[in-house]
$ cat run_34.cif   # mmCIF, N, CA and C atoms
data_entry
#
loop_
_atom_site.label_atom_id
_atom_site.label_comp_id
_atom_site.auth_asym_id
_atom_site.auth_seq_id
_atom_site.Cartn_x
_atom_site.Cartn_y
_atom_site.Cartn_z
N MET A 1 263.78 2.82 -9.64
CA MET A 1 263.03 2.48 -10.84
C MET A 1 263.71 1.33 -11.58
N GLN A 2 265.01 1.19 -11.44
CA GLN A 2 265.74 0.13 -12.13
C GLN A 2 265.33 -1.26 -11.65
N ASN A 3 264.68 -1.37 -10.49
CA ASN A 3 264.24 -2.66 -9.99
C ASN A 3 263.02 -3.16 -10.73
N LYS A 4 262.38 -2.32 -11.50
CA LYS A 4 261.22 -2.72 -12.28
C LYS A 4 261.68 -3.43 -13.55
N SER A 5 260.81 -4.28 -14.08
CA SER A 5 261.14 -4.97 -15.33
C SER A 5 261.01 -4.00 -16.50
N ALA A 6 261.57 -4.39 -17.62
CA ALA A 6 261.48 -3.56 -18.83
C ALA A 6 260.02 -3.38 -19.23
N ASP A 7 259.20 -4.42 -19.07
CA ASP A 7 257.77 -4.31 -19.39
C ASP A 7 257.09 -3.28 -18.49
N GLU A 8 257.38 -3.31 -17.20
CA GLU A 8 256.79 -2.34 -16.27
C GLU A 8 257.25 -0.93 -16.60
N MET A 9 258.53 -0.77 -16.89
CA MET A 9 259.07 0.55 -17.20
C MET A 9 258.47 1.11 -18.49
N SER A 10 258.32 0.27 -19.51
CA SER A 10 257.74 0.75 -20.77
C SER A 10 256.28 1.15 -20.56
N ASP A 11 255.55 0.41 -19.74
CA ASP A 11 254.16 0.77 -19.42
C ASP A 11 254.09 2.12 -18.71
N ILE A 12 255.04 2.38 -17.82
CA ILE A 12 255.09 3.66 -17.11
C ILE A 12 255.32 4.80 -18.11
N VAL A 13 256.23 4.61 -19.05
CA VAL A 13 256.52 5.64 -20.05
C VAL A 13 255.29 5.90 -20.92
N VAL A 14 254.62 4.85 -21.38
CA VAL A 14 253.42 5.03 -22.20
C VAL A 14 252.35 5.78 -21.42
N ASP A 15 252.12 5.38 -20.17
CA ASP A 15 251.12 6.07 -19.34
C ASP A 15 251.45 7.53 -19.15
N MET A 16 252.74 7.83 -18.93
CA MET A 16 253.18 9.21 -18.75
C MET A 16 252.96 10.03 -20.02
N LEU A 17 253.28 9.47 -21.18
CA LEU A 17 253.09 10.17 -22.45
C LEU A 17 251.60 10.43 -22.72
N ILE A 18 250.77 9.45 -22.45
CA ILE A 18 249.33 9.62 -22.64
C ILE A 18 248.81 10.71 -21.70
N LYS A 19 249.26 10.70 -20.46
CA LYS A 19 248.81 11.70 -19.47
C LYS A 19 249.24 13.11 -19.88
N LYS A 20 250.47 13.25 -20.32
CA LYS A 20 251.00 14.58 -20.65
C LYS A 20 250.51 15.12 -21.99
N PHE A 21 250.38 14.23 -22.98
CA PHE A 21 250.08 14.69 -24.34
C PHE A 21 248.64 14.45 -24.78
N LYS A 22 247.90 13.68 -24.02
CA LYS A 22 246.49 13.38 -24.32
C LYS A 22 246.30 12.98 -25.77
N ASP A 23 245.53 13.76 -26.54
CA ASP A 23 245.18 13.37 -27.92
C ASP A 23 246.30 13.65 -28.93
N ARG A 24 247.43 14.12 -28.46
CA ARG A 24 248.54 14.41 -29.39
C ARG A 24 249.39 13.18 -29.69
N MET A 25 249.25 12.14 -28.87
CA MET A 25 250.03 10.91 -29.04
C MET A 25 249.07 9.72 -29.09
N GLU A 26 249.35 8.77 -30.01
CA GLU A 26 248.48 7.59 -30.11
C GLU A 26 249.24 6.44 -30.78
N ASP A 27 248.57 5.30 -30.87
CA ASP A 27 249.10 4.11 -31.55
C ASP A 27 250.44 3.66 -30.99
N PHE A 28 250.50 3.47 -29.67
CA PHE A 28 251.74 3.04 -29.00
C PHE A 28 252.02 1.57 -29.28
N GLU A 29 253.28 1.28 -29.61
CA GLU A 29 253.73 -0.09 -29.84
C GLU A 29 255.04 -0.28 -29.07
N ILE A 30 255.03 -1.21 -28.13
CA ILE A 30 256.22 -1.53 -27.34
C ILE A 30 256.89 -2.74 -27.99
N PHE A 31 258.22 -2.65 -28.20
CA PHE A 31 258.94 -3.75 -28.83
C PHE A 31 260.40 -3.73 -28.38
N ASN A 32 261.15 -4.73 -28.81
CA ASN A 32 262.57 -4.88 -28.43
C ASN A 32 262.76 -4.88 -26.91
N THR A 33 261.84 -5.49 -26.21
CA THR A 33 261.93 -5.56 -24.75
C THR A 33 262.86 -6.71 -24.36
N ALA A 34 263.84 -6.40 -23.52
CA ALA A 34 264.78 -7.43 -23.06
C ALA A 34 265.23 -7.12 -21.63
N GLU A 35 265.51 -8.17 -20.90
CA GLU A 35 266.04 -8.05 -19.54
C GLU A 35 267.52 -8.42 -19.49
N THR A 36 267.94 -9.32 -20.37
CA THR A 36 269.32 -9.77 -20.37
C THR A 36 269.88 -9.71 -21.79
N PRO A 37 271.11 -9.45 -22.01
CA PRO A 37 272.12 -9.24 -20.99
C PRO A 37 271.98 -7.91 -20.25
N TYR A 38 271.15 -7.01 -20.78
CA TYR A 38 270.87 -5.76 -20.09
C TYR A 38 269.46 -5.31 -20.48
N LYS A 39 268.91 -4.42 -19.71
CA LYS A 39 267.53 -3.99 -19.89
C LYS A 39 267.42 -3.00 -21.05
N THR A 40 266.49 -3.30 -21.98
CA THR A 40 266.21 -2.40 -23.11
C THR A 40 264.73 -2.48 -23.46
N PHE A 41 264.23 -1.43 -24.06
CA PHE A 41 262.91 -1.45 -24.69
C PHE A 41 262.78 -0.25 -25.60
N SER A 42 261.86 -0.37 -26.55
CA SER A 42 261.55 0.71 -27.49
C SER A 42 260.05 0.88 -27.55
N ILE A 43 259.63 2.11 -27.78
CA ILE A 43 258.22 2.43 -27.93
C ILE A 43 258.09 3.29 -29.18
N ARG A 44 257.26 2.82 -30.10
CA ARG A 44 256.97 3.59 -31.31
C ARG A 44 255.55 4.13 -31.17
N PHE A 45 255.35 5.40 -31.55
CA PHE A 45 254.02 5.99 -31.47
C PHE A 45 253.87 7.11 -32.48
N LYS A 46 252.62 7.45 -32.74
CA LYS A 46 252.32 8.55 -33.66
C LYS A 46 252.15 9.81 -32.82
N ALA A 47 252.84 10.88 -33.21
CA ALA A 47 252.80 12.15 -32.48
C ALA A 47 252.16 13.22 -33.35
N TYR A 48 251.17 13.88 -32.81
CA TYR A 48 250.50 15.01 -33.48
C TYR A 48 249.90 14.60 -34.83
N ASP A 49 249.63 13.33 -35.01
CA ASP A 49 249.11 12.86 -36.29
C ASP A 49 250.00 13.35 -37.44
N TYR A 50 251.31 13.47 -37.14
CA TYR A 50 252.25 14.07 -38.08
C TYR A 50 253.54 13.27 -38.22
N PHE A 51 254.06 12.76 -37.07
CA PHE A 51 255.33 12.03 -37.05
C PHE A 51 255.15 10.66 -36.42
N ILE A 52 256.04 9.75 -36.78
CA ILE A 52 256.24 8.51 -36.02
C ILE A 52 257.48 8.77 -35.17
N VAL A 53 257.31 8.60 -33.85
CA VAL A 53 258.39 8.87 -32.90
C VAL A 53 258.81 7.57 -32.24
N LEU A 54 260.09 7.44 -31.99
CA LEU A 54 260.64 6.27 -31.33
C LEU A 54 261.28 6.72 -30.02
N PHE A 55 260.81 6.13 -28.90
CA PHE A 55 261.41 6.32 -27.59
C PHE A 55 262.25 5.08 -27.32
N ASN A 56 263.51 5.26 -26.94
CA ASN A 56 264.40 4.13 -26.64
C ASN A 56 264.91 4.21 -25.21
N TYR A 57 264.99 3.05 -24.59
CA TYR A 57 265.64 2.87 -23.29
C TYR A 57 266.70 1.80 -23.49
N ASP A 58 267.94 2.13 -23.16
CA ASP A 58 269.03 1.17 -23.31
C ASP A 58 270.00 1.34 -22.16
N ARG A 59 269.98 0.41 -21.24
CA ARG A 59 270.86 0.42 -20.07
C ARG A 59 270.81 1.73 -19.29
N GLY A 60 269.61 2.28 -19.17
CA GLY A 60 269.43 3.50 -18.38
C GLY A 60 269.36 4.78 -19.19
N VAL A 61 269.88 4.76 -20.41
CA VAL A 61 269.87 5.94 -21.26
C VAL A 61 268.54 6.01 -22.01
N ILE A 62 267.95 7.21 -22.06
CA ILE A 62 266.69 7.39 -22.78
C ILE A 62 266.84 8.46 -23.86
N GLY A 63 265.97 8.38 -24.85
CA GLY A 63 265.97 9.39 -25.90
C GLY A 63 264.87 9.12 -26.90
N CYS A 64 264.56 10.14 -27.70
CA CYS A 64 263.53 10.03 -28.72
C CYS A 64 264.10 10.45 -30.07
N SER A 65 263.50 9.91 -31.11
CA SER A 65 263.85 10.31 -32.46
C SER A 65 262.61 10.22 -33.34
N ILE A 66 262.63 10.98 -34.41
CA ILE A 66 261.57 10.92 -35.41
C ILE A 66 262.00 9.91 -36.46
N GLN A 67 261.10 9.00 -36.78
CA GLN A 67 261.39 8.01 -37.81
C GLN A 67 260.88 8.52 -39.15
N TYR A 68 261.73 8.44 -40.15
CA TYR A 68 261.30 8.76 -41.51
C TYR A 68 261.89 7.69 -42.41
N GLY A 69 261.05 7.10 -43.23
CA GLY A 69 261.52 6.02 -44.08
C GLY A 69 261.81 4.77 -43.26
N GLU A 70 262.41 3.81 -43.91
CA GLU A 70 262.73 2.54 -43.27
C GLU A 70 264.12 2.62 -42.64
N GLY A 71 264.18 2.65 -41.34
CA GLY A 71 265.46 2.66 -40.64
C GLY A 71 266.18 3.99 -40.61
N SER A 72 265.48 5.08 -40.91
CA SER A 72 266.10 6.41 -40.87
C SER A 72 265.47 7.22 -39.73
N PHE A 73 266.32 7.90 -38.96
CA PHE A 73 265.85 8.60 -37.77
C PHE A 73 266.51 9.96 -37.62
N ILE A 74 265.76 10.90 -37.03
CA ILE A 74 266.29 12.21 -36.65
C ILE A 74 266.23 12.27 -35.14
N GLY A 75 267.38 12.38 -34.49
CA GLY A 75 267.43 12.46 -33.04
C GLY A 75 266.86 13.77 -32.52
N LEU A 76 266.13 13.70 -31.41
CA LEU A 76 265.55 14.89 -30.80
C LEU A 76 266.33 15.21 -29.53
N LYS A 77 266.79 16.45 -29.42
CA LYS A 77 267.58 16.86 -28.26
C LYS A 77 266.69 16.91 -27.03
N ASN A 78 267.28 16.49 -25.91
CA ASN A 78 266.58 16.54 -24.63
C ASN A 78 267.63 16.56 -23.53
N SER A 79 267.42 17.38 -22.52
CA SER A 79 268.38 17.48 -21.43
C SER A 79 268.29 16.28 -20.48
N GLN A 80 267.20 15.53 -20.55
CA GLN A 80 266.98 14.39 -19.67
C GLN A 80 267.49 13.13 -20.37
N LYS A 81 268.65 12.64 -19.95
CA LYS A 81 269.30 11.55 -20.66
C LYS A 81 269.24 10.21 -19.92
N TRP A 82 269.07 10.23 -18.60
CA TRP A 82 269.10 9.01 -17.79
C TRP A 82 267.73 8.78 -17.16
N TYR A 83 267.17 7.61 -17.38
CA TYR A 83 265.83 7.26 -16.91
C TYR A 83 265.68 7.52 -15.41
N ASP A 84 266.61 7.02 -14.60
CA ASP A 84 266.49 7.14 -13.14
C ASP A 84 266.62 8.57 -12.63
N LYS A 85 267.26 9.44 -13.39
CA LYS A 85 267.45 10.82 -12.96
C LYS A 85 266.54 11.80 -13.69
N ALA A 86 265.75 11.30 -14.63
CA ALA A 86 264.94 12.16 -15.50
C ALA A 86 263.79 12.81 -14.74
N ASP A 87 263.59 14.08 -15.02
CA ASP A 87 262.37 14.79 -14.62
C ASP A 87 261.46 14.68 -15.84
N PHE A 88 260.46 13.83 -15.77
CA PHE A 88 259.65 13.56 -16.95
C PHE A 88 258.76 14.73 -17.35
N ASP A 89 258.53 15.68 -16.45
CA ASP A 89 257.84 16.90 -16.85
C ASP A 89 258.73 17.69 -17.81
N VAL A 90 260.02 17.78 -17.48
CA VAL A 90 260.99 18.47 -18.35
C VAL A 90 261.16 17.67 -19.64
N PHE A 91 261.27 16.35 -19.55
CA PHE A 91 261.42 15.51 -20.73
C PHE A 91 260.27 15.75 -21.71
N CYS A 92 259.04 15.74 -21.20
CA CYS A 92 257.86 15.93 -22.06
C CYS A 92 257.80 17.34 -22.63
N LYS A 93 258.15 18.34 -21.83
CA LYS A 93 258.15 19.73 -22.31
C LYS A 93 259.15 19.90 -23.45
N GLU A 94 260.35 19.36 -23.29
CA GLU A 94 261.36 19.47 -24.33
C GLU A 94 260.99 18.64 -25.57
N LEU A 95 260.36 17.48 -25.37
CA LEU A 95 259.90 16.68 -26.50
C LEU A 95 258.83 17.46 -27.27
N GLN A 96 257.91 18.07 -26.55
CA GLN A 96 256.86 18.87 -27.19
C GLN A 96 257.47 20.01 -28.01
N GLU A 97 258.43 20.72 -27.43
CA GLU A 97 259.09 21.82 -28.13
C GLU A 97 259.78 21.33 -29.40
N GLN A 98 260.52 20.22 -29.30
CA GLN A 98 261.25 19.70 -30.45
C GLN A 98 260.31 19.26 -31.57
N LEU A 99 259.19 18.64 -31.20
CA LEU A 99 258.23 18.20 -32.22
C LEU A 99 257.50 19.38 -32.85
N GLU A 100 257.03 20.30 -32.03
CA GLU A 100 256.25 21.42 -32.54
C GLU A 100 257.08 22.37 -33.40
N LEU A 101 258.40 22.41 -33.18
CA LEU A 101 259.28 23.20 -34.04
C LEU A 101 259.24 22.71 -35.48
N ARG A 102 258.95 21.44 -35.66
CA ARG A 102 259.00 20.81 -36.98
C ARG A 102 257.64 20.67 -37.66
N ILE A 103 256.59 21.14 -36.99
CA ILE A 103 255.23 21.03 -37.54
C ILE A 103 254.74 22.44 -37.87
N PRO A 104 254.16 22.64 -39.05
CA PRO A 104 253.66 23.97 -39.40
C PRO A 104 252.61 24.47 -38.40
N ASP A 105 252.73 25.76 -38.03
CA ASP A 105 251.78 26.36 -37.08
C ASP A 105 250.34 26.20 -37.54
N LYS A 106 250.13 26.32 -38.83
CA LYS A 106 248.77 26.21 -39.38
C LYS A 106 248.17 24.84 -39.06
N PHE A 107 248.97 23.78 -39.12
CA PHE A 107 248.52 22.43 -38.80
C PHE A 107 248.20 22.31 -37.31
N LEU A 108 249.09 22.85 -36.47
CA LEU A 108 248.86 22.81 -35.02
C LEU A 108 247.59 23.57 -34.65
N GLU A 109 247.41 24.75 -35.23
CA GLU A 109 246.24 25.57 -34.96
C GLU A 109 244.95 24.87 -35.42
N ALA A 110 244.98 24.26 -36.58
CA ALA A 110 243.81 23.57 -37.11
C ALA A 110 243.35 22.42 -36.23
N ASN A 111 244.29 21.85 -35.49
CA ASN A 111 243.97 20.74 -34.60
C ASN A 111 243.79 21.17 -33.14
N GLY A 112 243.85 22.48 -32.88
CA GLY A 112 243.68 23.00 -31.53
C GLY A 112 244.85 22.75 -30.61
N TRP A 113 246.03 22.58 -31.16
CA TRP A 113 247.23 22.30 -30.37
C TRP A 113 248.13 23.52 -30.18
N LYS A 114 247.71 24.65 -30.69
CA LYS A 114 248.53 25.88 -30.51
C LYS A 114 247.62 27.04 -30.25
#
$ encode --input "run_34.cif" --output "structure tokens"
Amino acid sequence: MQNKSADEMSDIVVDMLIKKFKDRMEDFEIFNTAETPYKTFSIRFKAYDYFIVLFNYDRGVIGCSIQYGEGSFIGLKNSQKWYDKADFDVFCKELQEQLELRIPDKFLEANGWK
């Protein structure tokens, strides 16, 4: 996977998130894409119509955080830390768990997500 460009890799991540989360994720914005001196990219998106989430790729390391305010983030725990070794089914399951823990059940139920 490392042979792909940062643009190709970010497109793969967006497609995977759309496939796994369907109507729970929207408004994807890819930015900070670079190939040199090392490969990086970021994806900002709205999750559950509740949070702004940031997915980061930096030299093979991946992770997500919830953005609140300008430049403030809450890191989300995930066992999948390396892009090339990640099981994206596990990554998405753990992301879903981390996000849904922070959203009131009543909101999830009202939107048909629980």
$ select_by_dssp --input "run_34.cif" --residues "region 63-112 of chain A" --states "strand (DSSP E)" --output "PDB file with N, CA and C atoms, in the coordinates of the input"
ATOM      1  N   GLY A  63     265.970   8.380 -24.850  1.00  0.00           N
ATOM      2  CA  GLY A  63     265.970   9.390 -25.900  1.00  0.00           C
ATOM      3  C   GLY A  63     264.870   9.120 -26.900  1.00  0.00           C
ATOM      4  N   CYS A  64     264.560  10.140 -27.700  1.00  0.00           N
ATOM      5  CA  CYS A  64     263.530  10.030 -28.720  1.00  0.00           C
ATOM      6  C   CYS A  64     264.100  10.450 -30.070  1.00  0.00           C
ATOM      7  N   SER A  65     263.500   9.910 -31.110  1.00  0.00           N
ATOM      8  CA  SER A  65     263.850  10.310 -32.460  1.00  0.00           C
ATOM      9  C   SER A  65     262.610  10.220 -33.340  1.00  0.00           C
ATOM     10  N   ILE A  66     262.630  10.980 -34.410  1.00  0.00           N
ATOM     11  CA  ILE A  66     261.570  10.920 -35.410  1.00  0.00           C
ATOM     12  C   ILE A  66     262.000   9.910 -36.460  1.00  0.00           C
ATOM     13  N   GLN A  67     261.100   9.000 -36.780  1.00  0.00           N
ATOM     14  CA  GLN A  67     261.390   8.010 -37.810  1.00  0.00           C
ATOM     15  C   GLN A  67     260.880   8.520 -39.150  1.00  0.00           C
ATOM     16  N   PHE A  73     266.320   7.900 -38.960  1.00  0.00           N
ATOM     17  CA  PHE A  73     265.850   8.600 -37.770  1.00  0.00           C
ATOM     18  C   PHE A  73     266.510   9.960 -37.620  1.00  0.00           C
ATOM     19  N   ILE A  74     265.760  10.900 -37.030  1.00  0.00           N
ATOM     20  CA  ILE A  74     266.290  12.210 -36.650  1.00  0.00           C
ATOM     21  C   ILE A  74     266.230  12.270 -35.140  1.00  0.00           C
ATOM     22  N   GLY A  75     267.380  12.380 -34.490  1.00  0.00           N
ATOM     23  CA  GLY A  75     267.430  12.460 -33.040  1.00  0.00           C
ATOM     24  C   GLY A  75     266.860  13.770 -32.520  1.00  0.00           C
ATOM     25  N   LEU A  76     266.130  13.700 -31.410  1.00  0.00           N
ATOM     26  CA  LEU A  76     265.550  14.890 -30.800  1.00  0.00           C
ATOM     27  C   LEU A  76     266.330  15.210 -29.530  1.00  0.00           C
TER      28      LEU A  76
END
$ closest_residue --input "run_34.cif" --among "A:Glu100, A:Asp89, A:Glu94, A:Asp84" --to "Gly60 (chain A)" --atoms "only N, CA and C atoms"
A:Asp84
$ residues_around --input "run_34.cif" --residues "Leu54 (chain A)" --least-positions-apart "3" --cutoff "6 Å" --atoms "all atoms listed in the file" --output "PyMOL selection string"
chain A and resi 43-45+63-67
$ residues_around --input "run_34.cif" --residues "Asn56 (chain A)" --least-positions-apart "4" --cutoff "5 Å" --atoms "only N, CA and C atoms" --output "list in words"
Phe41, Ser42, Ile62 and Gly63 of chain A
$ write_last_selection --input "run_34.cif" --atoms "N, CA and C atoms" --output "PDB file, keeping the file's coordinate frame"
ATOM      1  N   PHE A  41     264.230  -1.430 -24.060  1.00  0.00           N
ATOM      2  CA  PHE A  41     262.910  -1.450 -24.690  1.00  0.00           C
ATOM      3  C   PHE A  41     262.780  -0.250 -25.600  1.00  0.00           C
ATOM      4  N   SER A  42     261.860  -0.370 -26.550  1.00  0.00           N
ATOM      5  CA  SER A  42     261.550   0.710 -27.490  1.00  0.00           C
ATOM      6  C   SER A  42     260.050   0.880 -27.550  1.00  0.00           C
ATOM      7  N   ILE A  62     267.950   7.210 -22.060  1.00  0.00           N
ATOM      8  CA  ILE A  62     266.690   7.390 -22.780  1.00  0.00           C
ATOM      9  C   ILE A  62     266.840   8.460 -23.860  1.00  0.00           C
ATOM     10  N   GLY A  63     265.970   8.380 -24.850  1.00  0.00           N
ATOM     11  CA  GLY A  63     265.970   9.390 -25.900  1.00  0.00           C
ATOM     12  C   GLY A  63     264.870   9.120 -26.900  1.00  0.00           C
TER      13      GLY A  63
END
$ select_by_dssp --input "run_34.cif" --residues "chain A" --states "alpha helix (DSSP H)" --output "mmCIF file with N, CA and C atoms, in the frame of the given file"
data_model
loop_
_atom_site.group_PDB
_atom_site.id
_atom_site.type_symbol
_atom_site.label_atom_id
_atom_site.label_comp_id
_atom_site.auth_asym_id
_atom_site.auth_seq_id
_atom_site.Cartn_x
_atom_site.Cartn_y
_atom_site.Cartn_z
ATOM 1 N N ALA A 6 261.570 -4.390 -17.620
ATOM 2 C CA ALA A 6 261.480 -3.560 -18.830
ATOM 3 C C ALA A 6 260.020 -3.380 -19.230
ATOM 4 N N ASP A 7 259.200 -4.420 -19.070
ATOM 5 C CA ASP A 7 257.770 -4.310 -19.390
ATOM 6 C C ASP A 7 257.090 -3.280 -18.490
ATOM 7 N N GLU A 8 257.380 -3.310 -17.200
ATOM 8 C CA GLU A 8 256.790 -2.340 -16.270
ATOM 9 C C GLU A 8 257.250 -0.930 -16.600
ATOM 10 N N MET A 9 258.530 -0.770 -16.890
ATOM 11 C CA MET A 9 259.070 0.550 -17.200
ATOM 12 C C MET A 9 258.470 1.110 -18.490
ATOM 13 N N SER A 10 258.320 0.270 -19.510
ATOM 14 C CA SER A 10 257.740 0.750 -20.770
ATOM 15 C C SER A 10 256.280 1.150 -20.560
ATOM 16 N N ASP A 11 255.550 0.410 -19.740
ATOM 17 C CA ASP A 11 254.160 0.770 -19.420
ATOM 18 C C ASP A 11 254.090 2.120 -18.710
ATOM 19 N N ILE A 12 255.040 2.380 -17.820
ATOM 20 C CA ILE A 12 255.090 3.660 -17.110
ATOM 21 C C ILE A 12 255.320 4.800 -18.110
ATOM 22 N N VAL A 13 256.230 4.610 -19.050
ATOM 23 C CA VAL A 13 256.520 5.640 -20.050
ATOM 24 C C VAL A 13 255.290 5.900 -20.920
ATOM 25 N N VAL A 14 254.620 4.850 -21.380
ATOM 26 C CA VAL A 14 253.420 5.030 -22.200
ATOM 27 C C VAL A 14 252.350 5.780 -21.420
ATOM 28 N N ASP A 15 252.120 5.380 -20.170
ATOM 29 C CA ASP A 15 251.120 6.070 -19.340
ATOM 30 C C ASP A 15 251.450 7.530 -19.150
ATOM 31 N N MET A 16 252.740 7.830 -18.930
ATOM 32 C CA MET A 16 253.180 9.210 -18.750
ATOM 33 C C MET A 16 252.960 10.030 -20.020
ATOM 34 N N LEU A 17 253.280 9.470 -21.180
ATOM 35 C CA LEU A 17 253.090 10.170 -22.450
ATOM 36 C C LEU A 17 251.600 10.430 -22.720
ATOM 37 N N ILE A 18 250.770 9.450 -22.450
ATOM 38 C CA ILE A 18 249.330 9.620 -22.640
ATOM 39 C C ILE A 18 248.810 10.710 -21.700
ATOM 40 N N LYS A 19 249.260 10.700 -20.460
ATOM 41 C CA LYS A 19 248.810 11.700 -19.470
ATOM 42 C C LYS A 19 249.240 13.110 -19.880
ATOM 43 N N LYS A 20 250.470 13.250 -20.320
ATOM 44 C CA LYS A 20 251.000 14.580 -20.650
ATOM 45 C C LYS A 20 250.510 15.120 -21.990
ATOM 46 N N PHE A 21 250.380 14.230 -22.980
ATOM 47 C CA PHE A 21 250.080 14.690 -24.340
ATOM 48 C C PHE A 21 248.640 14.450 -24.780
ATOM 49 N N PHE A 88 260.460 13.830 -15.770
ATOM 50 C CA PHE A 88 259.650 13.560 -16.950
ATOM 51 C C PHE A 88 258.760 14.730 -17.350
ATOM 52 N N ASP A 89 258.530 15.680 -16.450
ATOM 53 C CA ASP A 89 257.840 16.900 -16.850
ATOM 54 C C ASP A 89 258.730 17.690 -17.810
ATOM 55 N N VAL A 90 260.020 17.780 -17.480
ATOM 56 C CA VAL A 90 260.990 18.470 -18.350
ATOM 57 C C VAL A 90 261.160 17.670 -19.640
ATOM 58 N N PHE A 91 261.270 16.350 -19.550
ATOM 59 C CA PHE A 91 261.420 15.510 -20.730
ATOM 60 C C PHE A 91 260.270 15.750 -21.710
ATOM 61 N N CYS A 92 259.040 15.740 -21.200
ATOM 62 C CA CYS A 92 257.860 15.930 -22.060
ATOM 63 C C CYS A 92 257.800 17.340 -22.630
ATOM 64 N N LYS A 93 258.150 18.340 -21.830
ATOM 65 C CA LYS A 93 258.150 19.730 -22.310
ATOM 66 C C LYS A 93 259.150 19.900 -23.450
ATOM 67 N N GLU A 94 260.350 19.360 -23.290
ATOM 68 C CA GLU A 94 261.360 19.470 -24.330
ATOM 69 C C GLU A 94 260.990 18.640 -25.570
ATOM 70 N N LEU A 95 260.360 17.480 -25.370
ATOM 71 C CA LEU A 95 259.900 16.680 -26.500
ATOM 72 C C LEU A 95 258.830 17.460 -27.270
ATOM 73 N N GLN A 96 257.910 18.070 -26.550
ATOM 74 C CA GLN A 96 256.860 18.870 -27.190
ATOM 75 C C GLN A 96 257.470 20.010 -28.010
ATOM 76 N N GLU A 97 258.430 20.720 -27.430
ATOM 77 C CA GLU A 97 259.090 21.820 -28.130
ATOM 78 C C GLU A 97 259.780 21.330 -29.400
ATOM 79 N N GLN A 98 260.520 20.220 -29.300
ATOM 80 C CA GLN A 98 261.250 19.700 -30.450
ATOM 81 C C GLN A 98 260.310 19.260 -31.570
ATOM 82 N N LEU A 99 259.190 18.640 -31.200
ATOM 83 C CA LEU A 99 258.230 18.200 -32.220
ATOM 84 C C LEU A 99 257.500 19.380 -32.850
ATOM 85 N N GLU A 100 257.030 20.300 -32.030
ATOM 86 C CA GLU A 100 256.250 21.420 -32.540
ATOM 87 C C GLU A 100 257.080 22.370 -33.400
ATOM 88 N N LEU A 101 258.400 22.410 -33.180
ATOM 89 C CA LEU A 101 259.280 23.200 -34.040
ATOM 90 C C LEU A 101 259.240 22.710 -35.480
ATOM 91 N N ASP A 105 252.730 25.760 -38.030
ATOM 92 C CA ASP A 105 251.780 26.360 -37.080
ATOM 93 C C ASP A 105 250.340 26.200 -37.540
ATOM 94 N N LYS A 106 250.130 26.320 -38.830
ATOM 95 C CA LYS A 106 248.770 26.210 -39.380
ATOM 96 C C LYS A 106 248.170 24.840 -39.060
ATOM 97 N N PHE A 107 248.970 23.780 -39.120
ATOM 98 C CA PHE A 107 248.520 22.430 -38.800
ATOM 99 C C PHE A 107 248.200 22.310 -37.310
ATOM 100 N N LEU A 108 249.090 22.850 -36.470
ATOM 101 C CA LEU A 108 248.860 22.810 -35.020
ATOM 102 C C LEU A 108 247.590 23.570 -34.650
ATOM 103 N N GLU A 109 247.410 24.750 -35.230
ATOM 104 C CA GLU A 109 246.240 25.570 -34.960
ATOM 105 C C GLU A 109 244.950 24.870 -35.420
ATOM 106 N N ALA A 110 244.980 24.260 -36.580
ATOM 107 C CA ALA A 110 243.810 23.570 -37.110
ATOM 108 C C ALA A 110 243.350 22.420 -36.230
#
$ resolve_selection --input "run_34.cif" --expression "the PyMOL selection byres (((chain A and resi 49 and name CA) around 10) and name CA)" --output "CSV table (one decimal) with N, CA and C atoms, in the coordinates of the input"
chain,number,residue,atom,x,y,z
A,23,ASP,N,245.5,13.8,-26.5
A,23,ASP,CA,245.2,13.4,-27.9
A,23,ASP,C,246.3,13.6,-28.9
A,24,ARG,N,247.4,14.1,-28.5
A,24,ARG,CA,248.5,14.4,-29.4
A,24,ARG,C,249.4,13.2,-29.7
A,25,MET,N,249.2,12.1,-28.9
A,25,MET,CA,250.0,10.9,-29.0
A,25,MET,C,249.1,9.7,-29.1
A,26,GLU,N,249.4,8.8,-30.0
A,26,GLU,CA,248.5,7.6,-30.1
A,26,GLU,C,249.2,6.4,-30.8
A,27,ASP,N,248.6,5.3,-30.9
A,27,ASP,CA,249.1,4.1,-31.6
A,27,ASP,C,250.4,3.7,-31.0
A,45,PHE,N,255.4,5.4,-31.6
A,45,PHE,CA,254.0,6.0,-31.5
A,45,PHE,C,253.9,7.1,-32.5
A,46,LYS,N,252.6,7.4,-32.7
A,46,LYS,CA,252.3,8.6,-33.7
A,46,LYS,C,252.2,9.8,-32.8
A,47,ALA,N,252.8,10.9,-33.2
A,47,ALA,CA,252.8,12.2,-32.5
A,47,ALA,C,252.2,13.2,-33.4
A,48,TYR,N,251.2,13.9,-32.8
A,48,TYR,CA,250.5,15.0,-33.5
A,48,TYR,C,249.9,14.6,-34.8
A,50,TYR,N,251.3,13.5,-37.1
A,50,TYR,CA,252.2,14.1,-38.1
A,50,TYR,C,253.5,13.3,-38.2
A,51,PHE,N,254.1,12.8,-37.1
A,51,PHE,CA,255.3,12.0,-37.0
A,51,PHE,C,255.2,10.7,-36.4
A,52,ILE,N,256.0,9.8,-36.8
A,52,ILE,CA,256.2,8.5,-36.0
A,52,ILE,C,257.5,8.8,-35.2
A,107,PHE,N,249.0,23.8,-39.1
A,107,PHE,CA,248.5,22.4,-38.8
A,107,PHE,C,248.2,22.3,-37.3
A,111,ASN,N,244.3,21.8,-35.5
A,111,ASN,CA,244.0,20.7,-34.6
A,111,ASN,C,243.8,21.2,-33.1
$ resolve_selection --input "run_34.cif" --expression "the PyMOL selection byres (((chain A and resi 35 and name CA) around 12) and name CA)" --output "list in words"
Gln2, Asn3, Lys4, Ser5, Ala6, Asp7, Glu8, Met9, Asn32, Thr33, Ala34, Thr36, Pro37, Tyr38, Lys39, Thr40, Phe41, Tyr57, Asp58 and Arg59 of chain A
$ atom_distance --input "run_34.cif" --atom1 "CA of Phe91 (chain A)" --atom2 "CA of Lys106 (chain A)"
24.9 Å
$ residues_around --input "run_34.cif" --residues "Lys77 (chain A)" --least-positions-apart "2" --cutoff "7 Å" --atoms "only N, CA and C atoms" --output "NGL selection string"
:A and (64 or 75 or 79-80 or 94-95 or 98)
